[in-house]
Amino acid sequence: MSLTGAAFLLAGVAGLLPGPAATALAVAGGSALACVRLAWLAGGALPAPSDLAPNAPPTVDARTAESPAWSAETGPPERRDALAAGVTTGRQARRVALSRRVAAILDAAVLVAGLSVAVLPLSDPAYRLPIALTGLCLTAPLHVTALLRLPGRSRLSGPELVRRTVDVLALGVSLVFAGWMLLPGGPVPAAAGIAASGGAVVLAVLVVAALAERHRRPGAARCHAGAALTLGGLTLLVVLLAYGAPDRALPVVAAPLLAGALLTVAGLRRAWAGERPDRDVAPAAWPRLTAPAGIAALAAGVHLCLVGEFSTGAMALGLTVVPPIMVGELLAAADQRRRVQRLAAREAWLRRRLGPDARAVEPAPLTRADLVRALAQRSGGALLVVDLHGEGAAVPEGPVLTEVARRLRAGVEAHDLVARLGDTEYAVLTDVGPVLAYALGTRLLAALTEPYPRPGGVARVRVSVGLAETGSGEPEDVLRQADLARRRAVQLGRDRVEWYDAYLEEQLVRRLDLERELPGAVARGELDLVYQPVVALAERTPVGTEALLRWRSPTLGTVLPAELLPVAADLDLVGEIGRWVVDRACRQLAAWSGGGRELWMAVNVTPRELAAPDFVARTATALAAYDVSPERLVVEVAEPGVGAELSTVVARLAGLRSIGVRTALDDFRAEHASLAQLRRLPIDLLKVGPHLVRPGGDGQRPLIDVVANLADRLGVELVVEELESEGQVAGARRAGCRYGQGFALARPATAERVEAWFEEFPSAAR
């Protein structure tokens, strides 16, 4: 979109397109894209905890607790605690609702700004200035309203408010001075003067807010910067039209408008996950203090070159820039002194609390803010984020954490920096290269996983280490990258070291999109089933089908079960989706019964879904509702997930068979444990992959022979799935397998296409 906008701008500057048309085309495309993305955020929903008891402690499995999609890089402590338990909190639900309202307001602001430019080519030149003024007057309050309601905003303290006011005054006066210096000589049109002066003040407020928030709330900072660019572009448009600038000059306003719309979307998407203001981060001295002086000096230099002299009013206005800059310098120095005093007081308190050996016990009184400042000064090296997990769901205790800190300090070099990011989370900043940094992570992992002596026994701690290279971005970005790598280490089983890579970021964004859109998909009618026939290999005629779930998301496209089901499990939506699948499958079976066919249909269920106490009763109800014979429904459960819930799965499968429903075991691996487990499972069909049909090494017979003999003794029919070539089909037939399924036989298709395919086999399964 940026390249397309640039192409239109070049065409307008070169005269290939009229200026208003080139401007409208460049801005309209970017605004349309931004409006669509903001509308998705405004209409999206995350699961709200309305069904949770207000005082009940949440419980969830470890995989959900450490899901990267449920972790926000800068979430507040309440959110982090809730995410660690795998559930949303009431505060999170309120934040989501507020984010949706903010997205709607920003959507309106971007739409108004885009329309103000898009209608210029269609308007009479006499009406263009009123249109631009109206757009500016409508867009400004919408942006201000949205920015004031961004989640995570905190009330400024007295000193912060004074500093912010001084910064706004310095930048605002410098912008007004620059506008005065750069406006053409002669009388100033009223519209241009009002827009330029008012726009300078608004721009100063937004730019100062963006600079102040860029480390504490990066998403909010981007939203402020996007609003500044948008309003700056509209202000420039008003000034150009007020002075009657030629049409070829208008494309210059497209760049800030296009960038502002896209930056607003990027900022809100980041703020959506939740950002906690970190009051320990010092405001950046540059360009907060130097920008006003630089702007005023540059404008004065340009004016001097073009005009050659300054009027009395211009000199007076230029001098007014100096006092707020000087006050800002004094306030910055005072802030720095207060920070040094706080750090000294914190170190003294720590020494009093831990005694004379405090430095040997606790990582040297570094906080997250100190770490961010240290990262900003590093041009190379690596950052390690170390996370601790106690035995079971327990949190490591105080004495254990004290020993952890001692081992951390002993395991790093003297020049390495150690910071504490949370109760059980530490960071190590080192200046060594990637190989040595990984070796350091491995050493720390070995040291921290050693048992911790305590009265009555020992404590054990599991450790996850995430690594990211420094110097590749902003300090907060490096911290976020290392934390993403840490989450990856947790997902892969803990007690390991993982490097950050860009794919982790893509996975996080994708997961967030999935979790935002999936709730309500059933009610919105976005789920669908496709059907893959099961064929009798000898006759090549259909005997049944397998129902395969698809999520037809209007925003994410078609999502397959491999990606959909883990998200549904984390959001506790498996039961809702499973009920829909069984109901739709039974309804389709009833529809196919009208043609006299008695084909079976298999539906996939997870062990977790099968374990529901009312699963058998719900299945019987669905069959009765559509008057479908129970033996025509086959319930499939995947073998890899059965072991943990074996007794429950056996009971549910037996219950299904008691009402006439047939059962199947999918993804059978034919390992020793699987073969032993097969004897206990009450199943009618056994589904295996084509790899079992291939001959073994050294001329051994295919493993399918062993499985076929056991299945024959147990009275179980074999189905070979994923048959993708005629050679595999022939191998399955030679092995004595009765049924097959795969692309070589029939591809998954909609109900209508499968039914048309059935018509080619009039004698099939009647």
# chains A, B, ... in the order shown; residues from 1 in each chain; ligands from 1
$ residues_around --residues "A:Gly689" --least-positions-apart "4" --cutoff "7 Å" --atoms "only C-alpha atoms" --output "number ranges by chain"
A: 667, 720-722
$ write_last_selection --atoms "N, CA, C and O atoms" --output "PDB file, in the first residue's frame"
ATOM      1  N   ASP A 667      -5.092 -42.342  13.616  1.00  0.00           N
ATOM      2  CA  ASP A 667      -3.645 -42.089  13.762  1.00  0.00           C
ATOM      3  C   ASP A 667      -2.953 -43.181  14.570  1.00  0.00           C
ATOM      4  O   ASP A 667      -2.102 -42.900  15.427  1.00  0.00           O
ATOM      5  N   VAL A 720      -6.985 -47.693   5.740  1.00  0.00           N
ATOM      6  CA  VAL A 720      -5.706 -47.039   5.465  1.00  0.00           C
ATOM      7  C   VAL A 720      -6.006 -45.647   4.917  1.00  0.00           C
ATOM      8  O   VAL A 720      -6.656 -45.509   3.883  1.00  0.00           O
ATOM      9  N   GLU A 721      -5.542 -44.625   5.628  1.00  0.00           N
ATOM     10  CA  GLU A 721      -5.830 -43.247   5.210  1.00  0.00           C
ATOM     11  C   GLU A 721      -4.589 -42.609   4.599  1.00  0.00           C
ATOM     12  O   GLU A 721      -3.500 -43.185   4.589  1.00  0.00           O
ATOM     13  N   GLU A 722      -4.779 -41.411   4.050  1.00  0.00           N
ATOM     14  CA  GLU A 722      -3.709 -40.635   3.415  1.00  0.00           C
ATOM     15  C   GLU A 722      -3.087 -41.369   2.235  1.00  0.00           C
ATOM     16  O   GLU A 722      -1.882 -41.263   1.986  1.00  0.00           O
TER      17      GLU A 722
END
$ atom_distance --atom1 "atom CA of A:Thr555" --atom2 "atom CA of A:Gly575"
23.5 Å
$ atom_distance --atom1 "atom CA of A:Leu448" --atom2 "atom CA of A:Thr470"
23.7 Å
$ residues_around --residues "A:Ala271" --least-positions-apart "4" --cutoff "9 Å" --atoms "only C-alpha atoms" --output "ChimeraX atom specification"
/A:99,150-152,217-220,223,266-267,275
$ select_by_dssp --residues "stretch 410-653 of chain A" --states "strand (DSSP E)" --output "PyMOL selection string"
chain A and resi 417-422+425-430+452-454+457-459+462-469+496-499+527-536+541-553+557-559+600-605+633-638
